[in-house]
Every structure is written in structure tokens, then in C-alpha cells.
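Below is entry-v3.csv, which holds CSV, C-alpha atoms.
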```csv
chain,number,residue,atom,x,y,z
A,1,HIS,CA,2.3,22.2,16.5
A,2,PRO,CA,4.1,20.7,19.5
A,3,PRO,CA,7.6,22.1,20.1
A,4,MET,CA,10.1,19.4,19.2
A,5,ILE,CA,11.2,20.8,15.9
A,6,ALA,CA,11.8,24.2,17.5
A,7,TRP,CA,13.7,22.6,20.4
A,8,LEU,CA,15.9,20.7,18.0
A,9,ILE,CA,16.6,23.8,15.9
A,10,GLY,CA,17.4,25.6,19.2
A,11,VAL,CA,20.1,23.0,19.9
A,12,THR,CA,21.7,23.0,16.5
A,13,THR,CA,21.8,26.8,16.4
A,14,LEU,CA,23.4,27.4,19.7
A,15,LEU,CA,26.6,28.4,17.8
A,16,GLY,CA,24.8,30.6,15.2
A,17,ASP,CA,21.8,30.9,13.0
A,18,ALA,CA,23.2,29.8,9.6
A,19,GLU,CA,20.9,28.0,7.3
A,20,TRP,CA,23.0,24.9,7.3
A,21,LEU,CA,22.8,24.7,11.1
A,22,ILE,CA,19.0,24.8,10.9
A,23,ARG,CA,19.0,22.1,8.2
A,24,LEU,CA,21.1,19.8,10.4
A,25,VAL,CA,17.8,18.9,12.1
A,26,PRO,CA,16.0,17.3,9.2
A,27,LEU,CA,19.3,15.9,7.9
A,28,GLY,CA,19.9,14.1,11.2
A,29,CYS,CA,16.3,13.0,11.7
A,30,ALA,CA,16.0,11.6,8.1
A,31,ALA,CA,19.4,9.8,8.4
A,32,LEU,CA,18.4,8.2,11.7
A,33,THR,CA,15.0,7.3,10.3
A,34,GLY,CA,16.7,5.5,7.4
A,35,LEU,CA,19.0,3.6,9.8
A,36,THR,CA,16.1,2.7,12.0
A,37,ILE,CA,14.0,1.5,9.1
A,38,TRP,CA,16.9,-0.8,8.1
A,39,ARG,CA,17.3,-2.0,11.7
A,40,LEU,CA,13.6,-2.8,12.0
A,41,ALA,CA,13.4,-4.6,8.6
A,42,ALA,CA,16.5,-6.6,9.5
A,43,LEU,CA,15.0,-7.6,12.8
A,44,ILE,CA,11.7,-8.7,11.4
A,45,TYR,CA,13.1,-10.3,8.2
A,46,THR,CA,16.6,-10.3,6.8
A,47,PRO,CA,19.5,-7.9,6.0
A,48,ALA,CA,18.7,-8.3,2.3
A,49,ILE,CA,15.1,-7.2,2.8
A,50,ALA,CA,16.4,-4.4,5.0
A,51,ASP,CA,18.7,-3.2,2.2
A,52,LYS,CA,15.7,-3.0,-0.1
A,53,ALA,CA,13.6,-1.1,2.5
A,54,LEU,CA,16.4,1.4,3.0
A,55,LEU,CA,16.8,2.0,-0.8
A,56,ILE,CA,13.0,2.4,-1.3
A,57,PHE,CA,13.0,4.9,1.6
A,58,LEU,CA,16.0,6.9,0.3
A,59,LEU,CA,14.6,7.1,-3.3
A,60,SER,CA,11.2,8.3,-2.2
A,61,PRO,CA,10.5,12.0,-2.7
A,62,LEU,CA,9.1,11.9,0.9
A,63,ALA,CA,12.5,11.1,2.3
A,64,GLN,CA,14.4,13.5,0.0
A,65,MET,CA,12.2,16.4,1.1
A,66,GLY,CA,12.6,15.1,4.7
A,67,PHE,CA,16.4,15.5,4.4
A,68,THR,CA,15.9,19.2,3.6
A,69,LEU,CA,12.8,20.7,5.2
A,70,ALA,CA,12.9,21.6,8.8
A,71,THR,CA,9.2,20.8,9.6
A,72,PRO,CA,7.5,18.9,12.4
A,73,ASP,CA,7.4,15.8,10.2
A,74,ALA,CA,11.1,15.2,10.5
A,75,PRO,CA,11.2,14.4,14.2
A,76,LEU,CA,7.7,12.9,14.0
A,77,ILE,CA,8.7,10.2,11.5
A,78,LEU,CA,11.9,9.5,13.5
A,79,GLY,CA,9.9,9.1,16.7
A,80,TRP,CA,7.3,6.9,14.8
A,81,VAL,CA,9.8,4.4,13.5
A,82,LEU,CA,11.7,4.3,16.8
A,83,THR,CA,8.4,3.5,18.6
A,84,LEU,CA,7.7,0.7,16.0
A,85,LEU,CA,11.2,-0.7,16.6
A,86,TYR,CA,10.9,-0.8,20.4
A,87,ALA,CA,7.2,-2.0,20.2
A,88,TYR,CA,8.1,-4.9,17.9
A,89,ARG,CA,10.8,-6.0,20.4
A,90,ALA,CA,8.4,-5.5,23.3
A,91,PHE,CA,5.7,-7.6,21.7
A,92,PHE,CA,7.8,-10.4,20.3
A,93,GLU,CA,10.6,-10.6,23.0
A,94,GLN,CA,8.5,-9.7,26.1
A,95,ARG,CA,11.1,-7.7,27.9
A,96,CYS,CA,10.2,-4.7,30.1
A,97,ARG,CA,12.8,-2.3,28.8
A,98,TRP,CA,11.5,-2.4,25.3
A,99,TYR,CA,8.0,-1.4,26.5
A,100,TYR,CA,9.5,1.5,28.4
A,101,LEU,CA,11.6,2.6,25.4
A,102,ALA,CA,8.6,2.4,23.2
A,103,GLY,CA,6.7,4.7,25.5
A,104,LEU,CA,9.5,7.2,25.6
A,105,ALA,CA,9.9,7.1,21.8
A,106,ALA,CA,6.1,7.6,21.4
A,107,GLY,CA,6.3,10.6,23.7
A,108,PHE,CA,9.1,12.0,21.5
A,109,ALA,CA,6.8,11.5,18.5
A,110,LEU,CA,3.9,13.2,20.3
A,111,LEU,CA,6.1,16.2,21.1
A,112,SER,CA,6.8,16.4,17.4
A,113,LYS,CA,3.3,16.3,15.9
A,114,TYR,CA,-0.2,15.3,17.0
A,115,THR,CA,-0.5,12.7,14.2
A,116,ALA,CA,1.6,10.4,16.5
A,117,ILE,CA,-1.6,9.7,18.6
A,118,LEU,CA,-2.6,7.3,15.8
A,119,LEU,CA,0.1,5.0,16.9
A,120,LEU,CA,-1.8,4.1,20.0
A,121,PRO,CA,-4.9,2.6,18.4
A,122,ALA,CA,-2.7,0.9,15.7
A,123,LEU,CA,-0.5,-0.9,18.2
A,124,ILE,CA,-3.3,-1.7,20.6
A,125,GLY,CA,-5.4,-3.0,17.7
A,126,PHE,CA,-2.5,-5.3,16.7
A,127,ALA,CA,-2.0,-6.4,20.3
A,128,LEU,CA,-5.7,-7.3,20.8
A,129,CYS,CA,-6.1,-9.1,17.4
A,130,SER,CA,-2.8,-11.0,17.6
A,131,SER,CA,-2.2,-14.4,19.2
A,132,LEU,CA,0.5,-12.6,21.2
A,133,ARG,CA,-2.1,-11.0,23.4
A,134,ARG,CA,-1.9,-13.9,25.9
A,135,LYS,CA,1.8,-13.3,26.3
A,136,LEU,CA,1.8,-9.5,26.4
A,137,LEU,CA,3.0,-7.7,29.6
A,138,TRP,CA,-0.1,-5.6,30.0
A,139,ARG,CA,1.2,-3.8,33.1
A,140,GLU,CA,4.3,-2.7,31.2
A,141,LEU,CA,2.2,-1.7,28.2
A,142,LEU,CA,0.1,0.6,30.5
A,143,ILE,CA,3.3,2.0,32.0
A,144,ALA,CA,4.6,2.7,28.4
A,145,VAL,CA,1.4,4.6,27.6
A,146,GLY,CA,1.9,6.5,30.9
A,147,LEU,CA,5.5,7.3,30.0
A,148,ALA,CA,4.4,8.7,26.6
A,149,LEU,CA,1.9,10.9,28.4
A,150,VAL,CA,4.4,12.1,30.9
A,151,VAL,CA,6.8,13.1,28.1
A,152,PHE,CA,3.9,14.8,26.3
A,153,LEU,CA,2.8,16.6,29.5
A,154,PRO,CA,4.3,20.0,28.7
A,155,VAL,CA,2.1,20.3,25.6
A,156,ILE,CA,-1.0,19.3,27.7
A,157,LEU,CA,-0.2,21.8,30.4
A,158,TRP,CA,0.5,24.6,27.9
A,159,ASN,CA,-2.8,23.9,26.1
A,160,ALA,CA,-4.7,23.8,29.4
A,161,GLY,CA,-3.6,27.3,30.1
A,162,GLN,CA,-4.4,28.6,26.6
A,163,ASP,CA,-8.0,27.4,26.2
A,164,TRP,CA,-6.7,24.3,24.3
A,165,VAL,CA,-5.9,26.5,21.3
A,166,SER,CA,-3.4,24.2,19.7
A,167,PHE,CA,-5.7,21.1,19.9
A,168,ARG,CA,-8.7,23.0,18.7
A,169,PHE,CA,-6.8,24.5,15.8
A,170,GLN,CA,-5.5,21.2,14.5
A,171,LEU,CA,-9.0,19.6,14.8
A,172,ASP,CA,-10.6,22.4,12.9
A,173,HIS,CA,-7.8,22.4,10.4
A,174,GLY,CA,-8.3,18.7,9.6
A,175,PHE,CA,-12.0,18.1,10.1
A,176,ALA,CA,-14.1,21.3,10.4
A,177,GLY,CA,-16.4,22.3,7.5
A,178,PRO,CA,-19.4,20.9,5.6
A,179,ARG,CA,-19.7,17.1,5.5
A,180,SER,CA,-20.3,16.7,1.8
A,181,LEU,CA,-18.4,14.2,-0.3
A,182,GLN,CA,-15.5,15.7,-2.3
A,183,ALA,CA,-14.2,13.2,-4.8
A,184,ALA,CA,-11.6,15.7,-6.0
A,185,THR,CA,-9.9,16.0,-2.6
A,186,PHE,CA,-9.9,12.2,-2.1
A,187,PHE,CA,-8.2,11.5,-5.4
A,188,GLU,CA,-5.8,14.4,-4.9
A,189,PHE,CA,-4.9,12.8,-1.5
A,190,LEU,CA,-4.2,9.4,-3.2
A,191,GLY,CA,-2.2,11.1,-6.0
A,192,VAL,CA,0.0,13.0,-3.5
A,193,GLN,CA,0.7,9.7,-1.6
A,194,ALA,CA,1.7,8.1,-4.9
A,195,VAL,CA,4.2,10.9,-5.5
A,196,ALA,CA,5.5,10.8,-1.9
A,197,LEU,CA,6.4,7.1,-2.0
A,198,GLY,CA,6.8,6.7,-5.7
A,199,PRO,CA,3.9,5.8,-8.0
A,200,LEU,CA,4.9,2.1,-8.7
A,201,PHE,CA,5.7,1.4,-5.1
A,202,PHE,CA,2.5,3.0,-3.8
A,203,LEU,CA,0.2,1.3,-6.4
A,204,PHE,CA,1.9,-2.0,-5.6
A,205,LEU,CA,1.3,-1.4,-1.8
A,206,LEU,CA,-2.4,-0.8,-2.5
A,207,TYR,CA,-2.5,-4.0,-4.6
A,208,LEU,CA,-0.9,-6.1,-1.9
A,209,ILE,CA,-3.3,-4.8,0.7
A,210,GLY,CA,-6.3,-5.4,-1.5
A,211,ARG,CA,-5.1,-8.8,-2.8
A,212,HIS,CA,-3.6,-10.3,0.3
A,213,LEU,CA,-5.2,-8.5,3.3
A,214,PRO,CA,-6.5,-11.6,5.1
A,215,ALA,CA,-3.2,-13.5,4.7
A,216,MET,CA,-1.2,-10.4,5.8
A,217,LEU,CA,-3.3,-10.1,9.0
A,218,ARG,CA,-2.8,-13.8,9.8
A,219,ASP,CA,1.0,-13.3,9.5
A,220,GLU,CA,1.9,-11.6,12.8
A,221,LYS,CA,5.0,-9.9,11.4
A,222,GLN,CA,3.1,-8.5,8.5
A,223,ALA,CA,0.2,-7.6,10.7
A,224,PHE,CA,2.5,-5.6,13.0
A,225,LEU,CA,3.6,-3.5,10.0
A,226,LEU,CA,0.1,-3.3,8.4
A,227,TRP,CA,-1.8,-2.0,11.4
A,228,PRO,CA,0.1,1.4,11.6
A,229,CYS,CA,0.1,1.7,7.8
A,230,LEU,CA,-3.6,1.1,7.4
A,231,THR,CA,-4.6,3.1,10.4
A,232,VAL,CA,-3.0,6.3,9.1
A,233,LEU,CA,-4.0,5.8,5.4
A,234,VAL,CA,-7.6,5.0,6.2
A,235,PHE,CA,-7.9,7.8,8.8
A,236,PHE,CA,-6.7,10.5,6.4
A,237,ALA,CA,-8.3,9.0,3.3
A,238,TYR,CA,-11.6,9.3,5.1
A,239,ALA,CA,-10.9,12.9,6.1
A,240,ALA,CA,-10.0,13.6,2.4
A,241,LEU,CA,-13.5,12.5,1.4
A,242,PHE,CA,-14.9,15.7,2.9
A,243,LYS,CA,-12.0,18.2,2.9
A,244,ARG,CA,-8.6,18.7,1.4
A,245,ALA,CA,-6.0,16.7,3.3
A,246,GLU,CA,-2.4,17.8,3.2
A,247,GLY,CA,-0.1,15.2,1.5
A,248,ASN,CA,2.3,15.1,4.4
A,249,TRP,CA,-0.3,14.2,7.0
A,250,ALA,CA,-0.2,10.5,6.0
A,251,ALA,CA,3.6,10.3,5.8
A,252,PRO,CA,4.0,8.0,8.8
A,253,ALA,CA,2.0,5.3,7.1
A,254,HIS,CA,4.8,4.8,4.6
A,255,VAL,CA,7.3,3.9,7.3
A,256,SER,CA,6.0,0.4,7.9
A,257,GLY,CA,4.5,0.3,4.4
A,258,ILE,CA,8.1,0.5,3.0
A,259,ILE,CA,9.1,-2.6,5.0
A,260,LEU,CA,6.1,-4.5,3.8
A,261,LEU,CA,7.0,-3.6,0.2
A,262,ALA,CA,10.6,-4.7,0.7
A,263,ARG,CA,9.4,-8.1,2.0
A,264,TRP,CA,7.2,-8.8,-1.1
A,265,LEU,CA,9.6,-7.3,-3.6
A,266,ASP,CA,12.3,-9.6,-2.3
A,267,GLN,CA,10.4,-12.5,-4.0
A,268,GLN,CA,11.8,-13.5,-7.4
A,269,ARG,CA,8.5,-12.9,-9.2
A,270,TYR,CA,8.5,-9.2,-8.2
A,271,ARG,CA,12.2,-8.4,-8.8
A,272,HIS,CA,11.4,-6.7,-12.1
A,273,LEU,CA,8.9,-4.4,-10.3
A,274,TYR,CA,11.5,-3.6,-7.7
A,275,ARG,CA,14.1,-2.6,-10.4
A,276,ALA,CA,11.5,-0.5,-12.2
A,277,GLY,CA,10.5,1.2,-9.0
A,278,VAL,CA,14.1,2.0,-8.2
A,279,ALA,CA,14.7,3.4,-11.7
A,280,LEU,CA,11.6,5.6,-11.4
A,281,GLY,CA,12.7,6.7,-7.9
A,282,ILE,CA,16.1,7.8,-9.3
A,283,ILE,CA,14.3,9.9,-11.9
A,284,LEU,CA,12.0,11.5,-9.3
A,285,VAL,CA,14.9,12.3,-7.1
A,286,LEU,CA,16.7,14.0,-10.0
A,287,LEU,CA,13.6,16.0,-10.8
A,288,LEU,CA,13.2,17.0,-7.2
A,289,LYS,CA,16.9,17.9,-6.6
A,290,LEU,CA,17.8,19.4,-10.0
A,291,PRO,CA,14.6,20.9,-11.5
A,292,GLU,CA,16.6,23.4,-13.5
A,293,ALA,CA,18.2,20.6,-15.5
A,294,PHE,CA,14.8,19.6,-16.8
```
What would you get if you wrote out this structure as C-alpha cells?
Amino acid sequence: HPPMIAWLIGVTTLLGDAEWLIRLVPLGCAALTGLTIWRLAALIYTPAIADKALLIFLLSPLAQMGFTLATPDAPLILGWVLTLLYAYRAFFEQRCRWYYLAGLAAGFALLSKYTAILLLPALIGFALCSSLRRKLLWRELLIAVGLALVVFLPVILWNAGQDWVSFRFQLDHGFAGPRSLQAATFFEFLGVQAVALGPLFFLFLLYLIGRHLPAMLRDEKQAFLLWPCLTVLVFFAYAALFKRAEGNWAAPAHVSGIILLARWLDQQRYRHLYRAGVALGIILVLLLKLPEAF
């Protein structure tokens, strides 16, 4: 993996190597991720929808594990949501500084885990298919991509001197092997995603995408959230058709998916589903945090 998680642990353990110092990294990353999800949802929609998005995030087993486990996913998801926040402001407000900040945040995400590369086709795809493409500052967008690559440069240089070992390992880990369909691994992948987000919320997200996809793509705010979500889910769901895909690989998809869920669950006709999802989320968190009690 890239070095960000190790660098952050290095900072928090300057005064010692106690376990709680190591776990400050995921705690801080997850807390900042939740705050940024709230900020992005409030910016796109309303504070009330942002409140729902934050609660959905906090009650997901994905977030609860993220508060504890010092893995590359903790800084990855933080960098991912920061990139989305700055990219949204760049695309919809057309100010240079937001493009540059989006590039730096994307570089941070790339230094955390290679999955962050999927943000590039997702955001470029949205930009090309949106009516905003005529207003975009394309020069600034290219500069943002350049900034991300400059931040990521240490990993590129290290790999170049090591026969690209890290890149090759991750590609083989995810995609090498026979290309025969494996239904079991595909449905295992979907099942793990349902647990990560919460079964009711994940199934409802799939329902929304299947039922309202054309309308969601025509709504630029929903399309902005949908492109990163679908890009990651489709990419790893396809990989899972042939080989076992680890459940955490698709975790970034849920960042914007949670805000989409909050937007729809804010409607009166879906309030009962929101309450049921929250209740189930509380149960899942208790099972995760206090397994000995059950």
C-alpha cells in the first residue's frame, strides 16, 4: 500500500507507541470524514438532510470499524470525501482555489490507497456528461490532476526503483487468475456491502439506482454523487464476478451513496424506512461493539 497510514501513525506515536496513540489515526480520520460528509450534504442540499447523512454514516458498521482499525482505508475515505467536497465547489462555483484543493485532496487519497484512482474517471465522466461542461475551467482541472500526481510522486518514484512491485502486487491481488464466472464471490461481495452500509440502506440504495437512474443522472446534484458511487460499485462488482473481492475495497462508494440516501429518505413517504434503518443500525453497532453481550 502507499505510505499515508504509516506516516500518520508515525506522527501520532512521536511521544510513544501505546495502542491508543496508534488508534488516534483512524479515530481522527473517521471523525473528520463524518464532519466532511455533513458539510458536503449541507452544501448540496440542506442541514436537515446533512443530519440524516451523518447519522446514516455513524450507524454503519463501515464507519464503526473505521473509527477503530488503523488501515489504509481510514485516510483513503477521508481524502475521498474531501476531494468530493472541493470538486463539488469547483464544478458548481467555478473558482480556481477549489480545483487546486481538490487536486491536493486527491493526492492525499492516492497516497493512502490506490483505489483513489477511480475518482478520476468518476469526476471526469460527470464533467463530460453534465451541462456544466461548458462552464468548467478545464485548465484548472488539468492543473488539479497535475497537483494530485505531484503529491503522489513519491510512490511513483519508489515503485520505479523497485520494478513496480507495489503496483503489480495490487493488480495481481485484485484481478489475476482464471476468468471464469464465480457467482458465489459476486453475491458474497453484495452481502458484505449490505453489512457495511446496513442491509436496509444498501438495498434501498440499489432500488433507487435501479428505479430512478435516468432521473438521477439528469439532476446534476444527484449525478455528481452518483458517478463516484456507481464507478466504484460497478468496478469491484465486475471484479467479484471472477475472483473474491474484499469487502472494504468498495468502501468509498458509500461516501456519496450515503448522501444520496439521505436526500431520498428526507421525503415524507420514506420516513418509516429511515427510522427502520436507524433502528437496525443501532442493533448492528451494538453487535459489533459488544459481541460478548449477545
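The list of residues with at least one atom within 7 Å of Leu181 of chain A, based on all atoms listed in the file and without residues fewer than 2 positions apart in the same chain, reads A:Arg179, A:Ala183, A:Leu241, A:Phe242.
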Near-segment 156-161 of chain A list (12 Å; all atoms listed in the file; drop same-chain fewer than 4 positions) as number ranges by chain: A: 1-3, 110-111, 114, 148-152, 165-169
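For the set A:Asp51, A:Lys135, A:Gly66, A:Ile44, the residue with the smallest atom-to-atom gap to Arg95 of chain A is A:Lys135, counting all atoms listed in the file.
If you measure from each of A:Ala122, A:Leu101, A:Leu84, A:Leu27 to Gly146 of chain A using all atoms listed in the file, the closest one turns out to be A:Leu101.
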Given all atoms listed in the file, how would the per-residue table for segment 77-123 of chain A near segment 128-132 of chain A read, listing every residue at most 10 Å away with its closest atom pair and distance in Å to one decimal, sorted by chain and number, as a Markdown table?
```
| residue | atom | partner | partner_atom | distance |
| --- | --- | --- | --- | --- |
| A:Phe91 | CA | A:Leu132 | CA | 7.2 |
| A:Phe92 | CA | A:Leu132 | CA | 7.7 |
| A:Gln94 | CA | A:Leu132 | CA | 9.8 |
| A:Leu123 | CA | A:Leu128 | CA | 8.6 |
```
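Among the candidates A:Tyr45, A:Trp249, A:Trp20, A:Trp38, the residue lying nearest to Leu69 of chain A is A:Trp20 (atoms considered: all atoms listed in the file).
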Residue nearest Met65 of chain A among A:Leu284, A:Leu147, A:Ala102, A:Leu225 (counting only C-alpha atoms): A:Leu284
Near-Trp7 of chain A list (12 Å; all atoms listed in the file; drop same-chain fewer than 6 positions) as a PDB file with C-alpha atoms, in the frame of the given file:
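And here is the file that came out, result-v9.pdb:
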```pdb
ATOM      1  CA  THR A  13      21.800  26.800  16.400  1.00  0.00           C
ATOM      2  CA  LEU A  14      23.400  27.400  19.700  1.00  0.00           C
ATOM      3  CA  ILE A  22      19.000  24.800  10.900  1.00  0.00           C
ATOM      4  CA  VAL A  25      17.800  18.900  12.100  1.00  0.00           C
ATOM      5  CA  ALA A  70      12.900  21.600   8.800  1.00  0.00           C
ATOM      6  CA  THR A  71       9.200  20.800   9.600  1.00  0.00           C
ATOM      7  CA  PRO A  72       7.500  18.900  12.400  1.00  0.00           C
ATOM      8  CA  PRO A  75      11.200  14.400  14.200  1.00  0.00           C
ATOM      9  CA  PHE A 108       9.100  12.000  21.500  1.00  0.00           C
ATOM     10  CA  LEU A 111       6.100  16.200  21.100  1.00  0.00           C
ATOM     11  CA  SER A 112       6.800  16.400  17.400  1.00  0.00           C
TER      12      SER A 112
END
```
Within 9 Å of segment 253-273 of chain A, which residues of segment 66-173 of chain A come that close, and what is the closest atom pair and distance in Å for each? Count only C-alpha atoms and give it as a Markdown table.
```
| residue | atom | partner | partner_atom | distance |
| --- | --- | --- | --- | --- |
| A:Ile77 | CA | A:Val255 | CA | 7.7 |
| A:Trp80 | CA | A:Val255 | CA | 8.1 |
| A:Val81 | CA | A:Val255 | CA | 6.7 |
| A:Leu84 | CA | A:Ser256 | CA | 8.3 |
```
Please save C-alpha atoms of the selected residues as a PDB file, in the coordinates of the input.
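This is the output file part19.pdb:
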```
ATOM      1  CA  ILE A  77       8.700  10.200  11.500  1.00  0.00           C
ATOM      2  CA  TRP A  80       7.300   6.900  14.800  1.00  0.00           C
ATOM      3  CA  VAL A  81       9.800   4.400  13.500  1.00  0.00           C
ATOM      4  CA  LEU A  84       7.700   0.700  16.000  1.00  0.00           C
TER       5      LEU A  84
END
```
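The spacing separating atom CA of Arg97 of chain A from atom CA of Glu140 of chain A amounts to 8.8 Å.
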Would you mind listing what lies within 9 Å of segment 33-36 of chain A as a PyMOL selection string, with only C-alpha atoms counted and same-chain residues fewer than 5 positions away left out? chain A and resi 28+41+53-55+57-58+63+74-75+77-82+85+255
